[in-house]
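Shown below: final36.tsv, with TSV, N, CA and C atoms.
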```tsv
chain	number	residue	atom	x	y	z
A	1	MET	N	35.06	89.13	127.28
A	1	MET	CA	35.98	88.13	127.79
A	1	MET	C	36.86	88.80	128.85
A	2	THR	N	37.02	88.14	129.99
A	2	THR	CA	37.82	88.72	131.05
A	2	THR	C	39.30	88.52	130.75
A	3	LYS	N	40.10	89.23	131.50
A	3	LYS	CA	41.55	89.13	131.33
A	3	LYS	C	42.02	87.71	131.63
A	4	ARG	N	41.44	87.09	132.62
A	4	ARG	CA	41.80	85.72	132.99
A	4	ARG	C	41.49	84.74	131.86
A	5	GLN	N	40.33	84.92	131.24
A	5	GLN	CA	39.94	84.05	130.13
A	5	GLN	C	40.88	84.25	128.93
A	6	LYS	N	41.26	85.50	128.66
A	6	LYS	CA	42.20	85.78	127.56
A	6	LYS	C	43.54	85.09	127.82
A	7	MET	N	44.02	85.16	129.04
A	7	MET	CA	45.29	84.52	129.37
A	7	MET	C	45.20	83.00	129.23
A	8	LEU	N	44.06	82.45	129.65
A	8	LEU	CA	43.85	81.01	129.53
A	8	LEU	C	43.87	80.59	128.07
A	9	TRP	N	43.20	81.37	127.20
A	9	TRP	CA	43.21	81.08	125.76
A	9	TRP	C	44.62	81.19	125.20
A	10	PHE	N	45.36	82.19	125.62
A	10	PHE	CA	46.73	82.39	125.13
A	10	PHE	C	47.61	81.21	125.53
A	11	TYR	N	47.58	80.80	126.78
A	11	TYR	CA	48.39	79.68	127.24
A	11	TYR	C	47.97	78.37	126.56
A	12	SER	N	46.69	78.20	126.36
A	12	SER	CA	46.20	77.01	125.66
A	12	SER	C	46.74	76.97	124.23
A	13	ALA	N	46.72	78.12	123.57
A	13	ALA	CA	47.23	78.19	122.20
A	13	ALA	C	48.72	77.88	122.17
A	14	CYS	N	49.46	78.37	123.16
A	14	CYS	CA	50.90	78.09	123.24
A	14	CYS	C	51.16	76.60	123.42
A	15	VAL	N	50.43	75.98	124.32
A	15	VAL	CA	50.59	74.54	124.58
A	15	VAL	C	50.24	73.74	123.33
A	16	LEU	N	49.16	74.11	122.67
A	16	LEU	CA	48.74	73.41	121.46
A	16	LEU	C	49.79	73.56	120.36
A	17	THR	N	50.32	74.76	120.18
A	17	THR	CA	51.37	75.00	119.17
A	17	THR	C	52.59	74.15	119.48
A	18	PHE	N	52.98	74.11	120.72
A	18	PHE	CA	54.14	73.30	121.12
A	18	PHE	C	53.89	71.82	120.83
A	19	ALA	N	52.73	71.33	121.20
A	19	ALA	CA	52.40	69.92	121.00
A	19	ALA	C	52.40	69.58	119.51
A	20	LEU	N	51.84	70.45	118.69
A	20	LEU	CA	51.81	70.20	117.24
A	20	LEU	C	53.21	70.21	116.65
A	21	SER	N	54.06	71.13	117.08
A	21	SER	CA	55.42	71.16	116.55
A	21	SER	C	56.21	69.94	116.99
A	22	MET	N	56.00	69.46	118.21
A	22	MET	CA	56.66	68.24	118.66
A	22	MET	C	56.19	67.04	117.85
A	23	ALA	N	54.89	66.96	117.59
A	23	ALA	CA	54.34	65.86	116.81
A	23	ALA	C	54.89	65.90	115.38
A	24	ALA	N	54.99	67.08	114.81
A	24	ALA	CA	55.52	67.22	113.45
A	24	ALA	C	56.97	66.75	113.41
A	25	GLY	N	57.75	67.12	114.41
A	25	GLY	CA	59.15	66.69	114.48
A	25	GLY	C	59.24	65.18	114.64
A	26	PHE	N	58.38	64.60	115.42
A	26	PHE	CA	58.36	63.15	115.63
A	26	PHE	C	58.07	62.43	114.32
A	27	PHE	N	57.02	62.89	113.62
A	27	PHE	CA	56.67	62.23	112.36
A	27	PHE	C	57.73	62.47	111.30
A	28	TYR	N	58.40	63.60	111.33
A	28	TYR	CA	59.49	63.86	110.39
A	28	TYR	C	60.62	62.86	110.63
A	29	GLN	N	60.95	62.59	111.90
A	29	GLN	CA	62.00	61.62	112.24
A	29	GLN	C	61.62	60.24	111.76
A	30	ILE	N	60.38	59.84	111.97
A	30	ILE	CA	59.92	58.52	111.52
A	30	ILE	C	60.03	58.42	110.00
A	31	GLY	N	59.64	59.45	109.31
A	31	GLY	CA	59.70	59.45	107.86
A	31	GLY	C	61.12	59.33	107.35
A	32	ASN	N	62.08	59.99	108.00
A	32	ASN	CA	63.47	59.93	107.56
A	32	ASN	C	64.14	58.64	107.97
A	33	SER	N	63.70	58.00	109.03
A	33	SER	CA	64.37	56.78	109.47
A	33	SER	C	64.00	55.58	108.61
A	34	GLU	N	62.88	55.64	107.90
A	34	GLU	CA	62.47	54.52	107.07
A	34	GLU	C	63.24	54.47	105.77
A	35	GLY	N	63.58	55.60	105.22
A	35	GLY	CA	64.32	55.64	103.97
A	35	GLY	C	65.78	55.96	104.22
A	36	GLU	N	66.49	56.26	103.12
A	36	GLU	CA	67.89	56.64	103.27
A	36	GLU	C	67.97	58.04	103.85
A	37	ALA	N	69.03	58.26	104.60
A	37	ALA	CA	69.23	59.59	105.15
A	37	ALA	C	69.61	60.51	104.01
A	38	SER	N	69.11	61.73	104.05
A	38	SER	CA	69.45	62.66	102.99
A	38	SER	C	70.89	63.12	103.15
A	39	ALA	N	71.61	63.13	102.06
A	39	ALA	CA	73.02	63.52	102.08
A	39	ALA	C	73.12	65.03	102.10
A	40	PRO	N	74.19	65.54	102.72
A	40	PRO	CA	74.39	66.98	102.69
A	40	PRO	C	74.50	67.46	101.25
A	41	THR	N	74.03	68.67	101.00
A	41	THR	CA	74.00	69.16	99.63
A	41	THR	C	75.29	69.79	99.18
A	42	ASN	N	76.17	70.16	100.10
A	42	ASN	CA	77.45	70.73	99.68
A	42	ASN	C	78.54	70.38	100.68
A	43	THR	N	79.77	70.69	100.30
A	43	THR	CA	80.90	70.32	101.15
A	43	THR	C	80.93	71.10	102.45
A	44	THR	N	80.38	72.28	102.50
A	44	THR	CA	80.34	73.05	103.74
A	44	THR	C	79.48	72.33	104.77
A	45	GLN	N	78.34	71.80	104.35
A	45	GLN	CA	77.49	71.05	105.26
A	45	GLN	C	78.19	69.78	105.72
A	46	GLU	N	78.90	69.12	104.80
A	46	GLU	CA	79.64	67.91	105.16
A	46	GLU	C	80.71	68.23	106.20
A	47	ALA	N	81.45	69.30	105.99
A	47	ALA	CA	82.51	69.69	106.91
A	47	ALA	C	81.95	70.01	108.29
A	48	LYS	N	80.83	70.71	108.34
A	48	LYS	CA	80.23	71.03	109.63
A	48	LYS	C	79.76	69.78	110.35
A	49	ALA	N	79.21	68.83	109.60
A	49	ALA	CA	78.75	67.59	110.20
A	49	ALA	C	79.92	66.80	110.78
A	50	VAL	N	81.02	66.72	110.04
A	50	VAL	CA	82.21	66.01	110.51
A	50	VAL	C	82.80	66.72	111.71
A	51	GLU	N	82.90	68.04	111.65
A	51	GLU	CA	83.46	68.81	112.75
A	51	GLU	C	82.63	68.63	114.02
A	52	ALA	N	81.33	68.59	113.89
A	52	ALA	CA	80.47	68.44	115.06
A	52	ALA	C	80.67	67.09	115.73
A	53	THR	N	80.99	66.06	114.97
A	53	THR	CA	81.17	64.74	115.57
A	53	THR	C	82.57	64.54	116.11
A	54	ILE	N	83.54	65.29	115.62
A	54	ILE	CA	84.93	65.10	116.04
A	54	ILE	C	85.28	65.88	117.30
A	55	ILE	N	84.66	67.01	117.51
A	55	ILE	CA	85.03	67.87	118.63
A	55	ILE	C	84.76	67.16	119.95
A	56	THR	N	85.82	66.98	120.73
A	56	THR	CA	85.70	66.43	122.08
A	56	THR	C	86.61	67.25	122.98
A	57	LYS	N	86.25	67.37	124.21
A	57	LYS	CA	87.03	68.15	125.15
A	57	LYS	C	88.00	67.22	125.87
A	58	GLU	N	89.28	67.56	125.79
A	58	GLU	CA	90.26	66.81	126.55
A	58	GLU	C	90.34	67.39	127.96
A	59	ALA	N	90.55	66.52	128.91
A	59	ALA	CA	90.67	66.99	130.29
A	59	ALA	C	91.96	67.80	130.42
A	60	GLU	N	91.89	68.88	131.17
A	60	GLU	CA	93.06	69.74	131.37
A	60	GLU	C	93.64	69.49	132.75
A	61	LEU	N	94.96	69.54	132.82
A	61	LEU	CA	95.65	69.37	134.09
A	61	LEU	C	95.28	70.53	135.00
A	62	TRP	N	94.84	70.18	136.21
A	62	TRP	CA	94.37	71.18	137.15
A	62	TRP	C	95.45	71.48	138.19
A	63	TYR	N	95.99	70.43	138.82
A	63	TYR	CA	97.04	70.60	139.81
A	63	TYR	C	97.73	69.27	140.06
A	64	TYR	N	98.77	69.30	140.87
A	64	TYR	CA	99.47	68.08	141.28
A	64	TYR	C	99.11	67.79	142.73
A	65	GLU	N	99.12	66.53	143.08
A	65	GLU	CA	98.76	66.15	144.44
A	65	GLU	C	99.74	65.13	144.98
A	66	VAL	N	100.28	65.43	146.17
A	66	VAL	CA	101.10	64.46	146.89
A	66	VAL	C	100.13	63.68	147.76
A	67	ASN	N	100.17	62.35	147.61
A	67	ASN	CA	99.22	61.51	148.30
A	67	ASN	C	99.88	60.18	148.62
A	68	GLU	N	99.11	59.22	149.03
A	68	GLU	CA	99.63	57.91	149.39
A	68	GLU	C	99.15	56.87	148.37
A	69	GLU	N	100.04	55.96	148.00
A	69	GLU	CA	99.70	54.86	147.10
A	69	GLU	C	100.31	53.60	147.66
A	70	ASP	N	99.48	52.68	148.09
A	70	ASP	CA	99.92	51.39	148.65
A	70	ASP	C	100.94	51.57	149.79
A	71	GLY	N	100.74	52.60	150.62
A	71	GLY	CA	101.62	52.81	151.77
A	71	GLY	C	102.88	53.59	151.46
A	72	PHE	N	103.01	54.12	150.24
A	72	PHE	CA	104.19	54.90	149.86
A	72	PHE	C	103.78	56.29	149.41
A	73	ILE	N	104.71	57.24	149.52
A	73	ILE	CA	104.44	58.60	149.05
A	73	ILE	C	104.34	58.56	147.53
A	74	ALA	N	103.31	59.22	146.98
A	74	ALA	CA	103.09	59.21	145.54
A	74	ALA	C	102.72	60.61	145.05
A	75	LEU	N	102.94	60.82	143.77
A	75	LEU	CA	102.62	62.09	143.12
A	75	LEU	C	101.60	61.82	142.01
A	76	TYR	N	100.53	62.59	142.01
A	76	TYR	CA	99.46	62.44	141.02
A	76	TYR	C	99.27	63.74	140.24
A	77	GLU	N	98.81	63.61	139.01
A	77	GLU	CA	98.26	64.73	138.26
A	77	GLU	C	96.75	64.66	138.44
A	78	VAL	N	96.13	65.79	138.74
A	78	VAL	CA	94.68	65.83	138.92
A	78	VAL	C	94.11	66.72	137.82
A	79	TYR	N	93.10	66.20	137.12
A	79	TYR	CA	92.53	66.91	135.98
A	79	TYR	C	91.19	67.53	136.33
A	80	ASP	N	90.76	68.46	135.48
A	80	ASP	CA	89.52	69.19	135.75
A	80	ASP	C	88.27	68.33	135.70
A	81	ASP	N	88.38	67.12	135.17
A	81	ASP	CA	87.22	66.21	135.19
A	81	ASP	C	87.28	65.25	136.38
A	82	ALA	N	88.11	65.57	137.38
A	82	ALA	CA	88.26	64.84	138.64
A	82	ALA	C	88.99	63.50	138.49
A	83	THR	N	89.64	63.27	137.35
A	83	THR	CA	90.44	62.06	137.21
A	83	THR	C	91.85	62.32	137.71
A	84	LYS	N	92.51	61.25	138.15
A	84	LYS	CA	93.88	61.35	138.64
A	84	LYS	C	94.75	60.38	137.84
A	85	ARG	N	96.01	60.78	137.64
A	85	ARG	CA	96.97	59.91	136.98
A	85	ARG	C	98.23	59.86	137.83
A	86	LEU	N	98.66	58.64	138.17
A	86	LEU	CA	99.86	58.46	138.98
A	86	LEU	C	101.08	58.86	138.15
A	87	VAL	N	101.86	59.80	138.66
A	87	VAL	CA	103.07	60.26	137.98
A	87	VAL	C	104.28	59.51	138.51
A	88	GLU	N	104.34	59.39	139.84
A	88	GLU	CA	105.51	58.80	140.48
A	88	GLU	C	105.11	58.18	141.81
A	89	LYS	N	105.65	57.01	142.07
A	89	LYS	CA	105.47	56.37	143.38
A	89	LYS	C	106.87	56.22	143.95
A	90	THR	N	107.10	56.83	145.10
A	90	THR	CA	108.44	56.81	145.69
A	90	THR	C	108.69	55.49	146.41
A	91	ASP	N	109.93	55.33	146.85
A	91	ASP	CA	110.31	54.16	147.65
A	91	ASP	C	110.16	54.43	149.14
A	92	THR	N	109.65	55.61	149.47
A	92	THR	CA	109.54	56.01	150.87
A	92	THR	C	108.18	55.62	151.43
A	93	PRO	N	108.15	54.71	152.40
A	93	PRO	CA	106.87	54.34	153.00
A	93	PRO	C	106.35	55.46	153.89
A	94	THR	N	105.05	55.65	153.87
A	94	THR	CA	104.47	56.70	154.72
A	94	THR	C	104.59	56.34	156.20
A	95	ALA	N	104.76	55.06	156.49
A	95	ALA	CA	104.92	54.63	157.89
A	95	ALA	C	106.21	55.19	158.51
A	96	SER	N	107.18	55.57	157.68
A	96	SER	CA	108.44	56.11	158.20
A	96	SER	C	108.35	57.60	158.53
A	97	LEU	N	107.20	58.22	158.24
A	97	LEU	CA	107.03	59.66	158.47
A	97	LEU	C	106.41	59.91	159.84
A	98	ARG	N	106.51	61.17	160.27
A	98	ARG	CA	105.83	61.57	161.51
A	98	ARG	C	104.32	61.49	161.30
A	99	GLU	N	103.59	61.32	162.37
A	99	GLU	CA	102.13	61.16	162.30
A	99	GLU	C	101.47	62.34	161.60
A	100	GLY	N	101.89	63.56	161.89
A	100	GLY	CA	101.31	64.75	161.26
A	100	GLY	C	101.53	64.76	159.75
A	101	ASP	N	102.73	64.35	159.32
A	101	ASP	CA	103.02	64.29	157.89
A	101	ASP	C	102.21	63.19	157.20
A	102	ARG	N	102.06	62.05	157.88
A	102	ARG	CA	101.25	60.97	157.32
A	102	ARG	C	99.81	61.44	157.10
A	103	LYS	N	99.29	62.17	158.08
A	103	LYS	CA	97.92	62.65	157.98
A	103	LYS	C	97.77	63.63	156.79
A	104	LEU	N	98.74	64.52	156.64
A	104	LEU	CA	98.71	65.46	155.52
A	104	LEU	C	98.71	64.73	154.18
A	105	ILE	N	99.58	63.74	154.06
A	105	ILE	CA	99.69	63.00	152.80
A	105	ILE	C	98.42	62.20	152.52
A	106	ARG	N	97.86	61.59	153.53
A	106	ARG	CA	96.63	60.81	153.32
A	106	ARG	C	95.47	61.70	152.87
A	107	GLU	N	95.44	62.92	153.37
A	107	GLU	CA	94.39	63.87	152.97
A	107	GLU	C	94.68	64.43	151.57
A	108	GLY	N	95.95	64.42	151.18
A	108	GLY	CA	96.35	64.93	149.86
A	108	GLY	C	96.79	66.38	149.96
A	109	ILE	N	97.93	66.65	149.36
A	109	ILE	CA	98.48	68.01	149.36
A	109	ILE	C	98.45	68.50	147.91
A	110	ALA	N	97.63	69.49	147.63
A	110	ALA	CA	97.50	70.04	146.27
A	110	ALA	C	98.54	71.12	146.05
A	111	LEU	N	99.24	71.01	144.91
A	111	LEU	CA	100.27	71.98	144.56
A	111	LEU	C	100.11	72.36	143.09
A	112	PRO	N	100.36	73.63	142.76
A	112	PRO	CA	100.08	74.10	141.39
A	112	PRO	C	101.07	73.63	140.32
A	113	THR	N	102.32	73.36	140.70
A	113	THR	CA	103.31	72.99	139.69
A	113	THR	C	104.00	71.68	140.04
A	114	LEU	N	104.57	71.07	139.04
A	114	LEU	CA	105.30	69.82	139.22
A	114	LEU	C	106.53	70.06	140.10
A	115	GLU	N	107.20	71.16	139.89
A	115	GLU	CA	108.40	71.47	140.67
A	115	GLU	C	108.08	71.60	142.16
A	116	GLU	N	107.00	72.29	142.48
A	116	GLU	CA	106.61	72.45	143.88
A	116	GLU	C	106.23	71.10	144.50
A	117	ALA	N	105.58	70.26	143.73
A	117	ALA	CA	105.19	68.94	144.24
A	117	ALA	C	106.42	68.08	144.49
A	118	GLN	N	107.38	68.10	143.56
A	118	GLN	CA	108.60	67.31	143.74
A	118	GLN	C	109.43	67.83	144.92
A	119	THR	N	109.46	69.15	145.11
A	119	THR	CA	110.16	69.73	146.25
A	119	THR	C	109.51	69.29	147.55
A	120	ARG	N	108.18	69.26	147.59
A	120	ARG	CA	107.47	68.86	148.79
A	120	ARG	C	107.77	67.39	149.10
A	121	ILE	N	107.82	66.54	148.07
A	121	ILE	CA	108.16	65.13	148.29
A	121	ILE	C	109.58	65.01	148.83
A	122	GLU	N	110.51	65.77	148.27
A	122	GLU	CA	111.91	65.74	148.74
A	122	GLU	C	111.98	66.15	150.21
A	123	ASP	N	111.14	67.11	150.61
A	123	ASP	CA	111.13	67.52	152.02
A	123	ASP	C	110.69	66.37	152.92
A	124	PHE	N	109.74	65.57	152.48
A	124	PHE	CA	109.29	64.43	153.28
A	124	PHE	C	110.34	63.33	153.31
A	125	VAL	N	111.02	63.12	152.20
A	125	VAL	CA	111.97	62.03	152.08
A	125	VAL	C	113.24	62.30	152.88
A	126	SER	N	113.70	63.54	152.90
A	126	SER	CA	114.96	63.84	153.58
A	126	SER	C	114.79	64.04	155.08
```

Could you quickly redo this structure as structure tokens?
Amino acid sequence: MTKRQKMLWFYSACVLTFALSMAAGFFYQIGNSEGEASAPTNTTQEAKAVEATIITKEAELWYYEVNEEDGFIALYEVYDDATKRLVEKTDTPTASLREGDRKLIREGIALPTLEEAQTRIEDFVS
């Protein structure tokens, strides 16, 4: 048998093993879905099952952004999952700002802390 033939037999055996294990898993699922689900045998298994279903990742605050909301200067919290939450909408219309400042605000100004963001807004307002 040549080396190529040996490799072909090896890969064929791997594919066949994979297919059989997938089929076994499929039939196992069908068998369990028809009857009652088997209950965990001890409290440790129960705790792990509950813990696995409860764990969810909360979005973390990434930075603050000075931006525009309905034509007014606004402050947003931006989270690591790309969601934004409006923190404050000022009474200052962006139309009252210089063109360069309006452009900056429309593009969004990212700042690491709430204090820095509020200071930046105060600079635009005054």

**Item:** Of the listed residues A:Ile109, A:Ala117, A:Met1, A:Leu61, that which approaches Asp80 in chain A most closely, counting all atoms listed in the file
**Value:** A:Leu61

**Request:** May I ask which of the residues A:Arg85, A:Phe124, A:Asp70, A:Thr113 is the closest one to Asp101 in chain A, counting only N, CA and C atoms?
**Result:**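 Smallest distance to Asp101 in chain A is found for A:Phe124.
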
**Request:** Between atom N of Ala82 in chain A and CA of Val125 in chain A, measure the distance and give it in Å to one decimal.
**Result:**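 We find that atom N of Ala82 in chain A and CA of Val125 in chain A lie 28.2 Å from each other.
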
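Using only C-alpha atoms, the smallest distance between any of A:Arg102, A:Ile73, A:Val66, A:Thr90 and Leu114 in chain A comes from A:Val66.
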
**Prompt:** What does the distance from atom C of Glu122 in chain A to atom N of Phe72 in chain A come to in Å, to one decimal?
**Reply:**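 A separation of 15.0 Å between them.
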
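Among A:Ile121, A:Ala110, A:Leu86, A:Ile105, the residue with the shortest atom-to-atom distance to Glu68 in chain A, counting all atoms listed in the file, is A:Ile105.
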
**Message:** Here is a test: counting all atoms listed in the file, which residue of A:Leu111, A:Lys84, A:Ser126, A:Gln118 is nearest to Tyr63 in chain A?
**Reply:** A:Leu111
